[in-house]
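S.K.: Contents are mmCIF, C-alpha atoms; file name target-v2.cif:
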data_entry
loop_
_atom_site.label_atom_id
_atom_site.label_comp_id
_atom_site.auth_asym_id
_atom_site.auth_seq_id
_atom_site.Cartn_x
_atom_site.Cartn_y
_atom_site.Cartn_z
CA MET A 10 149.47 50.51 -181.49
CA SER A 11 149.35 53.99 -180.00
CA GLN A 12 146.28 52.95 -178.04
CA GLN A 13 148.21 50.05 -176.59
CA LYS A 14 151.00 52.38 -175.57
CA THR A 15 148.61 54.65 -173.71
CA ALA A 16 146.59 51.79 -172.23
CA ALA A 17 149.60 50.21 -170.55
CA PRO A 18 150.44 53.13 -168.21
CA LYS A 19 146.75 53.49 -167.39
CA ALA A 20 146.54 49.83 -166.39
CA ALA A 21 149.71 50.19 -164.37
CA SER A 22 148.42 53.23 -162.53
CA GLU A 23 145.10 51.50 -161.93
CA THR A 24 146.90 48.52 -160.42
CA GLN A 25 148.79 50.89 -158.14
CA LEU A 26 145.59 52.66 -157.18
CA VAL A 27 143.93 49.34 -156.33
CA ALA A 28 146.91 48.40 -154.16
CA ARG A 29 146.72 51.76 -152.38
CA ALA A 30 142.97 51.44 -151.92
CA GLN A 31 143.50 48.00 -150.39
CA ARG A 32 145.64 49.77 -147.77
CA GLY A 33 142.83 52.23 -147.05
CA ASP A 34 144.21 55.21 -148.97
CA GLU A 35 141.32 57.61 -149.42
CA GLU A 36 142.89 59.37 -152.38
CA ALA A 37 143.10 56.04 -154.21
CA PHE A 38 139.40 55.38 -153.54
CA THR A 39 138.61 58.81 -154.94
CA ALA A 40 140.74 58.30 -158.03
CA LEU A 41 139.21 54.89 -158.76
CA PHE A 42 135.75 56.37 -158.43
CA GLU A 43 136.67 59.23 -160.79
CA MET A 44 138.06 56.77 -163.35
CA HIS A 45 134.99 54.55 -163.47
CA LYS A 46 132.01 56.59 -162.27
CA ARG A 47 130.72 57.58 -165.70
CA ARG A 48 130.67 54.08 -167.10
CA VAL A 49 129.02 52.61 -164.01
CA TYR A 50 126.47 55.41 -163.75
CA SER A 51 125.63 55.20 -167.45
CA LEU A 52 125.08 51.45 -167.15
CA CYS A 53 122.77 51.95 -164.17
CA LEU A 54 120.92 54.78 -165.88
CA ARG A 55 120.29 52.83 -169.06
CA MET A 56 119.23 49.69 -167.27
CA THR A 57 116.77 51.51 -165.01
CA GLY A 58 115.80 54.54 -167.10
CA ASN A 59 115.66 56.61 -163.92
CA THR A 60 118.32 59.07 -162.71
CA ALA A 61 117.54 58.78 -158.98
CA GLU A 62 117.64 54.98 -159.07
CA ALA A 63 120.79 55.11 -161.18
CA GLU A 64 122.58 57.29 -158.64
CA ASP A 65 121.51 55.04 -155.76
CA LEU A 66 122.71 51.97 -157.64
CA THR A 67 126.01 53.60 -158.61
CA GLN A 68 126.52 54.37 -154.96
CA GLU A 69 125.69 50.79 -153.97
CA ALA A 70 127.98 49.32 -156.63
CA PHE A 71 130.97 51.38 -155.54
CA LEU A 72 130.28 50.70 -151.87
CA GLN A 73 130.25 46.97 -152.54
CA LEU A 74 133.38 47.34 -154.63
CA PHE A 75 135.31 49.19 -151.96
CA ARG A 76 134.15 46.80 -149.26
CA LYS A 77 135.39 43.87 -151.31
CA ILE A 78 138.49 45.50 -152.73
CA SER A 79 140.81 43.66 -150.35
CA THR A 80 139.72 40.40 -152.01
CA PHE A 81 140.64 41.60 -155.51
CA ARG A 82 143.64 39.59 -156.70
CA GLY A 83 143.89 40.82 -160.26
CA GLU A 84 142.85 37.63 -162.04
CA SER A 85 140.65 39.75 -164.28
CA ALA A 86 140.81 43.41 -165.21
CA PHE A 87 139.63 45.67 -162.43
CA SER A 88 137.17 47.40 -164.76
CA THR A 89 135.68 44.03 -165.79
CA TRP A 90 135.27 43.07 -162.16
CA LEU A 91 133.64 46.39 -161.31
CA HIS A 92 131.37 46.31 -164.31
CA ARG A 93 130.09 42.82 -163.61
CA LEU A 94 129.52 43.79 -160.01
CA ALA A 95 127.52 46.84 -161.12
CA VAL A 96 125.41 44.70 -163.45
CA ASN A 97 124.64 42.34 -160.57
CA VAL A 98 123.69 45.23 -158.31
CA VAL A 99 121.24 46.54 -160.91
CA LEU A 100 119.77 43.10 -161.60
CA MET A 101 119.32 42.47 -157.88
CA HIS A 102 117.54 45.80 -157.60
CA LEU A 103 115.25 45.02 -160.52
CA ARG A 104 114.55 41.59 -159.07
CA LYS A 105 113.55 43.17 -155.77
CA LYS A 106 111.20 45.44 -157.66
CA GLY A 107 109.50 42.34 -158.98
CA LEU A 108 110.40 42.87 -162.58
CA GLN A 109 110.95 40.00 -164.98
CA GLN A 110 114.68 40.03 -164.72
CA VAL A 111 115.58 36.82 -162.96
CA SER A 112 115.45 34.66 -166.02
CA LEU A 113 114.40 35.54 -169.50
CA ASP A 114 113.23 31.96 -169.89
CA GLU A 115 110.53 32.81 -167.38
CA VAL A 116 109.72 36.16 -168.90
CA ASP A 117 106.13 37.32 -169.07
CA THR A 118 104.61 36.21 -172.33
CA SER A 119 103.03 39.63 -172.80
CA GLN A 120 106.53 40.80 -173.73
CA ASP A 121 106.73 38.20 -176.43
CA GLU A 122 104.10 39.62 -178.70
CA PRO A 123 105.58 39.77 -182.15
CA VAL A 124 106.75 43.19 -183.18
CA LYS A 125 104.59 44.13 -186.09
CA ARG A 126 106.20 45.45 -189.20
CA ASP A 127 104.12 47.84 -191.19
CA TYR A 128 103.99 47.50 -194.92
CA GLY A 129 102.46 49.63 -197.54
CA ASP A 130 101.40 53.26 -197.28
CA ASN A 131 101.84 53.54 -193.53
CA ASP A 132 105.44 52.44 -193.62
CA ARG A 133 107.87 55.12 -192.56
CA ARG A 134 111.58 55.09 -192.11
CA LEU A 135 114.09 56.72 -189.84
CA MET A 136 116.20 59.48 -191.30
CA GLY A 137 119.42 57.48 -191.23
CA SER A 138 120.54 59.11 -188.00
CA VAL A 139 118.88 58.80 -184.60
CA ASP A 140 118.71 61.64 -182.10
CA ARG A 141 120.50 60.71 -178.88
CA ILE A 142 117.80 62.07 -176.60
CA SER A 143 115.08 60.22 -178.45
CA LEU A 144 117.12 57.04 -178.31
CA THR A 145 117.68 57.42 -174.57
CA ARG A 146 113.96 57.90 -174.08
CA ALA A 147 113.15 54.96 -176.32
CA ILE A 148 115.49 52.67 -174.37
CA ALA A 149 113.85 53.78 -171.13
CA GLU A 150 110.46 52.91 -172.64
CA LEU A 151 111.44 49.32 -173.41
CA PRO A 152 109.98 46.58 -171.19
CA PRO A 153 112.58 45.74 -168.50
CA GLY A 154 113.59 42.35 -169.91
CA TYR A 155 114.19 43.70 -173.39
CA ARG A 156 115.95 46.77 -172.02
CA THR A 157 118.40 44.73 -169.98
CA VAL A 158 119.42 42.52 -172.88
CA PHE A 159 119.66 45.48 -175.25
CA VAL A 160 121.82 47.49 -172.85
CA LEU A 161 124.09 44.58 -172.02
CA HIS A 162 124.61 43.53 -175.65
CA ASP A 163 124.28 46.61 -177.83
CA VAL A 164 125.40 49.32 -175.41
CA GLU A 165 127.83 47.56 -173.12
CA GLY A 166 129.17 45.10 -175.66
CA TYR A 167 128.60 41.79 -173.88
CA GLU A 168 128.38 38.71 -176.11
CA HIS A 169 125.22 36.62 -176.13
CA ASN A 170 126.83 33.84 -174.08
CA GLU A 171 127.80 36.41 -171.43
CA VAL A 172 124.32 37.93 -171.43
CA ALA A 173 122.86 34.45 -171.08
CA GLU A 174 125.13 33.74 -168.12
CA ILE A 175 124.30 37.04 -166.43
CA MET A 176 120.58 36.73 -167.06
CA LYS A 177 120.49 32.99 -166.36
CA CYS A 178 118.78 32.23 -169.65
CA SER A 179 119.65 30.42 -172.86
CA VAL A 180 121.72 32.00 -175.63
CA GLY A 181 118.78 31.57 -177.98
CA ASN A 182 116.55 33.44 -175.62
CA SER A 183 119.05 36.27 -175.34
CA LYS A 184 119.18 36.54 -179.14
CA SER A 185 115.42 36.46 -179.43
CA GLN A 186 114.93 39.15 -176.79
CA LEU A 187 117.57 41.34 -178.40
CA HIS A 188 115.91 41.12 -181.78
CA LYS A 189 112.55 42.07 -180.30
CA ALA A 190 114.15 44.92 -178.37
CA ARG A 191 115.73 46.33 -181.52
CA MET A 192 112.48 46.08 -183.46
CA LYS A 193 110.54 47.71 -180.62
CA LEU A 194 113.05 50.54 -180.47
CA ARG A 195 112.75 51.05 -184.20
CA ASP A 196 108.99 51.03 -183.92
CA TRP A 197 109.01 53.53 -181.03
CA LEU A 198 111.42 55.86 -182.80
CA ARG A 199 109.37 55.79 -186.00
CA ARG A 200 106.22 56.64 -184.08
CA ASN A 201 107.77 59.34 -181.92
CA GLU A 202 110.51 60.92 -183.98
CA GLY A 203 109.73 64.33 -185.41
CA PRO A 204 111.53 64.48 -188.71
CA MET A 205 110.90 61.32 -190.68
CA THR A 206 110.43 60.63 -194.29
CA PRO A 207 107.19 59.12 -195.50
CA GLY A 208 107.38 55.48 -196.41
CA GLU A 209 107.56 55.78 -200.10
CA PRO A 210 109.37 52.93 -201.72
CA VAL A 211 113.06 53.49 -201.35
CA THR A 212 114.93 53.76 -204.56
CA SER A 213 118.61 53.11 -204.82
CA ASP A 214 119.49 56.80 -204.99
CA GLN A 215 117.51 57.48 -201.76
CA ALA A 216 119.19 54.75 -199.80
CA PRO A 217 122.07 55.84 -197.59
CA THR A 218 125.32 54.73 -199.10
CA GLU A 219 127.20 54.58 -195.84
CA ARG A 220 126.84 51.44 -193.77
CA MET B 174 113.29 45.34 -207.04
CA ASP B 175 109.52 45.03 -206.72
CA GLU B 176 108.34 48.42 -205.40
CA THR B 177 104.65 47.69 -205.71
CA ARG B 178 104.38 44.72 -203.37
CA ARG B 179 102.51 45.45 -200.13
CA TYR B 180 102.74 42.14 -198.27
CA ARG B 181 105.32 40.00 -196.52
CA THR B 182 106.73 36.91 -198.12
CA ALA B 183 108.32 33.80 -196.68
CA GLU B 184 111.67 35.32 -197.66
CA CYS B 185 110.91 38.33 -195.47
CA ASP B 186 110.35 36.02 -192.49
CA ARG B 187 113.58 34.18 -193.18
CA PHE B 188 115.39 37.49 -193.60
CA GLU B 189 114.20 38.68 -190.20
CA LEU B 190 115.37 35.46 -188.56
CA GLU B 191 118.87 35.89 -189.96
CA LEU B 192 119.17 39.66 -189.82
CA ASP B 193 120.72 39.98 -186.35
CA ALA B 194 123.35 37.35 -187.06
CA TYR B 195 124.17 39.12 -190.32
CA MET B 196 124.44 42.48 -188.57
CA ASP B 197 126.72 40.91 -185.97
CA GLY B 198 129.11 39.91 -188.73
CA GLU B 199 128.09 36.32 -189.43
CA ILE B 200 127.92 35.12 -193.02
CA ARG B 201 124.30 34.93 -194.18
CA PRO B 202 124.20 35.00 -198.00
CA SER B 203 120.41 35.07 -198.07
CA VAL B 204 120.32 38.45 -196.32
CA PRO B 205 122.11 40.64 -198.88
CA ALA B 206 120.29 38.73 -201.62
CA HIS B 207 116.92 39.55 -200.07
CA LEU B 208 117.95 43.17 -199.49
CA ARG B 209 118.39 43.51 -203.22
CA GLU B 210 114.90 42.18 -203.78
CA CYS B 211 112.72 43.66 -201.03
CA VAL B 212 112.34 47.39 -200.50
CA PHE B 213 110.64 46.97 -197.11
CA CYS B 214 113.28 44.75 -195.61
CA LYS B 215 115.89 47.14 -196.99
CA VAL B 216 114.26 49.92 -194.96
CA VAL B 217 114.29 47.73 -191.84
CA PHE B 218 117.96 46.99 -192.36
CA GLU B 219 118.81 50.68 -192.83
CA ASP B 220 116.82 51.66 -189.74
CA LEU B 221 118.52 49.04 -187.59
CA THR B 222 121.91 50.09 -188.92
CA ALA B 223 121.16 53.70 -187.97
CA LEU B 224 119.95 52.53 -184.56
CA ARG B 225 123.11 50.53 -183.97
CA THR B 226 125.31 53.47 -184.96
CA ALA B 227 123.44 55.79 -182.61
CA THR B 228 123.62 53.24 -179.80
CA ARG B 229 127.37 52.90 -180.15
CA GLU B 230 127.75 56.66 -180.04
CA LEU B 231 125.72 57.17 -176.88
CA PRO B 232 127.92 59.27 -174.59
CA LEU B 233 128.62 58.34 -171.00
CA GLU B 234 126.62 60.24 -168.42
CA GLU B 235 128.02 62.01 -165.37
CA PRO B 236 126.62 61.27 -161.90
CA SER B 237 126.14 64.18 -159.52
CA LEU B 238 128.67 65.00 -156.81
CA VAL B 239 126.22 63.74 -154.22
CA VAL B 240 127.05 60.16 -155.19
CA TRP B 241 130.68 60.38 -154.16
CA ALA B 242 129.81 62.44 -151.09
CA ASN B 243 127.48 59.66 -149.92
CA ILE B 244 129.97 56.90 -150.70
CA ARG B 245 132.75 58.70 -148.92
CA ALA B 246 130.60 59.41 -145.88
CA GLN B 247 129.49 55.77 -145.66
CA LEU B 248 133.04 54.42 -146.08
CA SER B 249 134.24 56.86 -143.46
CA ARG B 250 131.57 55.63 -141.03
CA GLU B 251 132.65 52.07 -141.73
CA GLY B 252 136.28 52.95 -141.03
CA ALA B 253 137.45 52.03 -144.52
CA PHE B 254 140.01 54.82 -144.71
CA ALA B 255 143.38 54.71 -143.05
CA GLU B 256 143.69 57.26 -140.21
CA LYS B 257 146.09 59.50 -142.09
CA ALA B 258 143.70 59.89 -145.01
CA GLY B 259 140.86 60.78 -142.66
CA ALA B 260 142.84 63.58 -141.04
CA TRP B 261 143.92 64.89 -144.40
CA SER B 262 140.34 64.82 -145.62
CA TRP B 263 139.16 66.94 -142.72
CA PHE B 264 141.90 69.45 -143.49
CA TRP B 265 140.81 69.48 -147.12
CA GLN B 266 137.31 70.38 -146.10
CA LEU B 267 138.63 73.44 -144.29
CA ASP B 268 140.88 74.25 -147.21
CA PHE B 269 137.96 74.03 -149.60
CA LEU B 270 136.12 76.69 -147.65
CA ARG B 271 138.97 79.11 -148.21
CA ARG B 272 138.80 78.80 -151.99
CA PRO B 273 136.66 81.54 -153.52
CA VAL B 274 135.85 80.01 -156.89
CA PRO B 275 134.60 76.60 -155.73
CA VAL B 276 132.73 78.26 -152.90
CA ALA B 277 131.08 80.61 -155.39
CA ALA B 278 130.05 77.67 -157.53
CA PHE B 279 128.79 75.75 -154.53
CA ALA B 280 126.83 78.77 -153.29
CA CYS B 281 125.39 79.27 -156.74
CA MET B 282 124.22 75.68 -156.90
CA LEU B 283 122.90 75.81 -153.37
CA ALA B 284 120.90 78.92 -154.22
CA LEU B 285 119.63 77.27 -157.36
CA GLY B 286 118.61 74.19 -155.40
CA CYS B 287 116.75 76.29 -152.82
CA TRP B 288 115.04 78.22 -155.56
CA LEU B 289 114.02 75.07 -157.40
CA THR B 290 112.57 73.50 -154.30
CA ALA B 291 110.71 76.66 -153.28
CA PRO B 292 106.89 76.66 -153.64
CA GLN B 293 105.82 77.33 -157.21
CA ASN B 294 103.02 79.75 -156.27
CA ASN B 295 105.39 82.67 -156.65
CA PRO B 296 106.94 82.01 -160.00
CA GLN B 297 109.72 83.99 -161.58
CA PRO B 298 108.65 86.23 -164.44
CA ILE B 299 108.98 83.87 -167.38
CA THR B 300 108.70 85.66 -170.65
CA THR B 301 109.41 82.92 -173.09
CA ALA B 302 106.55 82.00 -175.36
CA SER B 303 107.54 78.38 -175.40
CA LEU B 304 106.27 77.54 -171.93
CA PRO B 305 104.29 74.31 -171.98
CA THR B 306 100.58 74.63 -171.68
CA SER B 307 100.21 71.47 -169.64
CA ALA B 308 100.02 72.08 -165.90
CA GLY B 309 101.01 68.51 -165.22
CA GLU B 310 104.68 68.83 -166.09
CA PRO B 311 106.52 70.26 -163.10
CA THR B 312 109.90 69.30 -164.52
CA VAL B 313 109.28 71.30 -167.65
CA VAL B 314 108.11 74.31 -165.68
CA ARG B 315 111.08 74.03 -163.38
CA SER B 316 113.54 73.71 -166.25
CA MET B 317 111.98 76.49 -168.25
CA ALA B 318 112.10 78.69 -165.20
CA PHE B 319 115.73 77.76 -164.85
CA LEU B 320 116.34 78.73 -168.45
CA ALA B 321 114.51 82.00 -168.03
CA GLY B 322 115.93 82.93 -164.65
CA GLY B 323 119.17 80.97 -164.44
CA GLU B 324 121.43 83.55 -166.00
CA GLY B 325 123.31 83.66 -162.71
CA LEU B 326 124.33 80.04 -163.04
CA GLU B 327 125.32 80.46 -166.68
CA LYS B 328 127.40 83.47 -165.74
CA ALA B 329 129.03 81.52 -162.91
CA ILE B 330 129.83 78.71 -165.35
CA ARG B 331 131.45 81.18 -167.72
CA GLU B 332 133.57 82.50 -164.87
CA LEU B 333 134.54 78.98 -163.87
CA GLU B 334 135.46 78.22 -167.47
CA LYS B 335 137.73 81.26 -167.56
CA ALA B 336 139.39 80.19 -164.32
CA PHE B 337 139.80 76.64 -165.63
CA LYS B 338 141.33 77.86 -168.91
CA ALA B 339 143.78 80.03 -166.98
CA ARG B 340 144.91 77.13 -164.82
CA GLU B 341 144.59 74.02 -166.95
CA ALA B 342 148.24 74.26 -168.02
CA THR B 343 149.24 73.41 -164.46
CA LEU B 344 147.22 70.17 -164.45
CA ALA B 345 148.86 66.81 -165.09
CA PRO B 346 148.24 65.77 -168.73
CA ASP B 347 146.06 62.77 -167.88
CA VAL B 348 144.02 64.77 -165.36
CA LYS B 349 143.64 67.60 -167.86
CA ALA B 350 142.53 65.14 -170.56
CA THR B 351 139.97 63.59 -168.23
CA TYR B 352 138.45 66.97 -167.42
CA GLU B 353 138.50 68.06 -171.04
CA ASN B 354 136.70 64.87 -172.04
CA SER B 355 134.05 65.42 -169.40
CA LEU B 356 133.55 69.05 -170.38
CA SER B 357 133.43 68.19 -174.06
CA SER B 358 130.82 65.54 -173.37
CA LEU B 359 128.74 67.99 -171.34
CA ASP B 360 129.03 70.67 -174.03
CA THR B 361 127.81 68.12 -176.55
CA SER B 362 124.87 67.34 -174.29
CA ILE B 363 124.04 71.02 -173.92
CA ARG B 364 124.23 71.52 -177.67
CA GLU B 365 122.06 68.48 -178.38
CA CYS B 366 119.49 69.54 -175.81
CA ASN B 367 119.31 73.02 -177.31
CA ASP B 368 118.90 71.51 -180.76
CA SER B 369 116.11 69.28 -179.49
CA LEU B 370 114.41 72.21 -177.77
CA GLN B 371 114.54 74.23 -180.93
CA ARG B 372 112.74 71.46 -182.75
CA GLU B 373 110.41 70.58 -179.90
CA PRO B 374 110.13 73.30 -177.20
CA GLY B 375 107.87 71.17 -175.01
CA ASN B 376 110.29 68.21 -174.81
CA SER B 377 110.44 67.63 -171.06
CA LEU B 378 113.33 65.18 -171.28
CA ALA B 379 115.45 67.69 -173.18
CA HIS B 380 114.70 70.33 -170.52
CA GLU B 381 115.70 67.91 -167.81
CA TYR B 382 118.90 66.93 -169.60
CA LEU B 383 119.80 70.55 -170.26
CA PHE B 384 119.36 71.42 -166.61
CA ALA B 385 121.42 68.40 -165.54
CA ALA B 386 124.17 69.20 -168.05
CA TYR B 387 124.54 72.78 -166.81
CA SER B 388 124.62 71.65 -163.19
CA GLN B 389 127.16 68.93 -163.93
CA LYS B 390 129.35 71.32 -165.86
CA ALA B 391 129.49 73.63 -162.84
CA GLU B 392 130.41 70.64 -160.67
CA VAL B 393 133.14 69.40 -163.01
CA LEU B 394 134.72 72.85 -163.37
CA SER B 395 134.58 73.36 -159.64
CA SER B 396 136.18 69.98 -159.06
CA ALA B 397 138.97 70.78 -161.55
CA LEU B 398 139.75 74.03 -159.80
CA GLU B 399 139.95 72.30 -156.45
CA ILE B 400 142.57 69.91 -157.79
CA ASP B 401 144.46 72.76 -159.34
CA GLN B 402 144.56 74.60 -156.06
CA GLY B 403 146.73 72.04 -154.37
CA ARG B 404 144.51 69.25 -153.10
#
Show the structure stored in the file as structure tokens.
M.R.:
Amino acid sequence: MSQQKTAAPKAASETQLVARAQRGDEEAFTALFEMHKRRVYSLCLRMTGNTAEAEDLTQEAFLQLFRKISTFRGESAFSTWLHRLAVNVVLMHLRKKGLQQVSLDEVDTSQDEPVKRDYGDNDRRLMGSVDRISLTRAIAELPPGYRTVFVLHDVEGYEHNEVAEIMKCSVGNSKSQLHKARMKLRDWLRRNEGPMTPGEPVTSDQAPTER
Amino acid sequence: MDETRRYRTAECDRFELELDAYMDGEIRPSVPAHLRECVFCKVVFEDLTALRTATRELPLEEPSLVVWANIRAQLSREGAFAEKAGAWSWFWQLDFLRRPVPVAAFACMLALGCWLTAPQNNPQPITTASLPTSAGEPTVVRSMAFLAGGEGLEKAIRELEKAFKAREATLAPDVKATYENSLSSLDTSIRECNDSLQREPGNSLAHEYLFAAYSQKAEVLSSALEIDQGR
């Protein structure tokens, strides 16, 4: 409830800022950028894995936004509009780079190799918590198609039907790519993380109790 | 639970097919049943749960000030701003130059930038024993040099923090909260990077993140002081 109370004034002030920006008010442009820059930049950074590219794409997304702002009529939330626009900017960029982003249904089959699960003595497990820097690096190491689906679904919170629409693929394909992305991340983190426990059989008292 | 088995079963394959749906909240009775039976799939489930938790807790990153500067310059060229805002903006630029603290921060960052881009054949005296041995990692060398010789920037940040603390009471509550969130996020980044470097001194990504976090903190503090000083 308290969140709703605080969200309402924010939405109201954002609506006012959009209206001012539509009239060419520079302060409103600045304020809108300040409100949304971190989310847009983080999206770009995680989808590209490269800070220079992410900054260029953030710049491009906001430029497109401000150029089109006079057409914004408020049918959807401003942040939703901006976020979808940023996703499209990144996907267009990746497409220009020749990566397999246009459609996951056409994705390179080399990405579809099954993710092997080790059994037996070589099996190791994560510690129950994952270091943020390692995770960031692991996401950047994912093949582009996997990374895009993982970022859109697990980081940005899009549903599979939305991911499928954005990526122009089937829902089943989105689910399949996400599963492989998660398993690849797990595999990468197990191979590259420093502190891990050896893969001894897990007994009930070793298993984390918190889910 | 069979803790001696060393091979996958058909149930393991079925478990893997249904795992994501189960983790996304769908009802899949076979999954918890298999988790009670198979130690290996239980480990997979726990790993993916930890991964999901970490993913949800990933903090937002801060772009550099250059991004807005470029956007603003481009929009200005395209005539996107109303005339009044343009005139005010020019005045602000003059006003900015009269402010000692932001200018100090800007000068500090400018000096740091020049130093970082200077040829590396005249390195600063780096005493730390944790310098990487690989010659092929310029980022690491640059960041380590920053850590060894960047006391000036750290000192400037401390001064900016003092100035911010002294003036934050005058900021509007929502503006203050925004800056505090940004600074808290950057402090978390700095702490995490230092933790990572303690564990793994040669971690080039941690060096890069630490450098970026310090630079961004200087930018955020500088930006907050500009607002406070009557922009």
S.K.: Once the PyMOL selection byres ((chain A and resi 180-182) around 12) has been applied to the shown file, what residues remain in the selection, as a VMD selection string?
M.R.: (chain A and resid 112 to 116 121 154 to 155 158 162 168 to 179 183 to 189) or (chain B and resid 190 194)
S.K.: Could you tell me which of B:Ser203, B:Ser395, B:Asn376, B:Ser357 comes closest to chain A if we count only C-alpha atoms?
M.R.: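 Between B:Ser203, B:Ser395, B:Asn376, B:Ser357, the residue approaching chain A most closely is B:Asn376.
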S.K.: Which residue gives the smallest distance to B:Leu233 among A:Cys53, A:Leu94, A:Ala147, A:Leu74, with all atoms listed in the file counted?
M.R.: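 With all atoms listed in the file as the atom set, the closest residue is A:Cys53.
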S.K.: Counting only C-alpha atoms, what is within 12 Å of stretch 90-92 of chain A, bar same-chain residues fewer than 2 positions away, as a ChimeraX atom specification?
M.R.: /A:27,41-42,44-53,67,69-75,77-78,80-88,94-99,161,165-167,175
S.K.: Looking at A:Thr157, A:Ala149, A:Leu194, A:Leu26, which one is nearest to chain B, with distances taken over only C-alpha atoms?
M.R.: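 Of A:Thr157, A:Ala149, A:Leu194, A:Leu26, the one nearest chain B, counting only C-alpha atoms, is A:Leu194.
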S.K.: Tell me, in Å to one decimal, how far atom CA of B:Tyr195 is from atom CA of A:Glu150.
M.R.: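 Result for atom CA of B:Tyr195 versus atom CA of A:Glu150: 26.3 Å, one decimal.
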S.K.: Between B:Phe188, B:Phe254, B:Phe218, B:Phe213, which is the closest to A:Arg29 once you count all atoms listed in the file?
M.R.: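 Checking each candidate against A:Arg29, we get B:Phe254 as the closest.
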S.K.: A:Thr60: which residues within 10 Å, counting all atoms listed in the file, same-chain residues fewer than 3 positions away excluded, as a list in words?
M.R.: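 After dropping sequence-adjacent residues, the list is Tyr50, Ser51, Cys53, Leu54, Arg55, Thr57, Ala63, Glu64, Asp65 and Leu66 of chain A; Pro236 and Ser237 of chain B.
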S.K.: Assuming the chain letters and numbering stay as they are in my file, what does the PyMOL selection byres ((chain B and resi 330) around 8) actually select? List them as a list of chain:residue names.
M.R.: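 This file, filtered by the PyMOL selection byres ((chain B and resi 330) around 8), leaves B:Ala278, B:Leu326, B:Glu327, B:Lys328, B:Ala329, B:Arg331, B:Glu332, B:Leu333, B:Glu334, B:Lys390, B:Ala391, B:Leu394.
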S.K.: One number please: atom CA of A:Asp140 to atom CA of B:Cys214, in Å, one decimal.
M.R.: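 Interatomic distance here is 22.3 Å.
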S.K.: Closest to chain B among A:Arg93, A:Arg200, A:Arg141, A:His102, using only C-alpha atoms?
M.R.: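 Looking only at the distances to chain B, the closest residue turns out to be A:Arg141.
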S.K.: Please evaluate the PyMOL selection byres ((chain B and resi 204) around 8) against the displayed coordinates and give the resulting residues as a list of chain:residue names.
M.R.: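 Those residues are B:Phe188, B:Glu191, B:Leu192, B:Tyr195, B:Arg201, B:Pro202, B:Ser203, B:Pro205, B:Ala206, B:His207, B:Leu208.
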S.K.: Separation of atom CA of B:Ala350 and atom CA of A:Ala30, in Å?
M.R.: 23.1 Å
S.K.: Considering only C-alpha atoms, can you say which of A:Gly33, A:Ala190, A:Ser143, A:Arg156 comes closest to chain B?
M.R.: A:Gly33
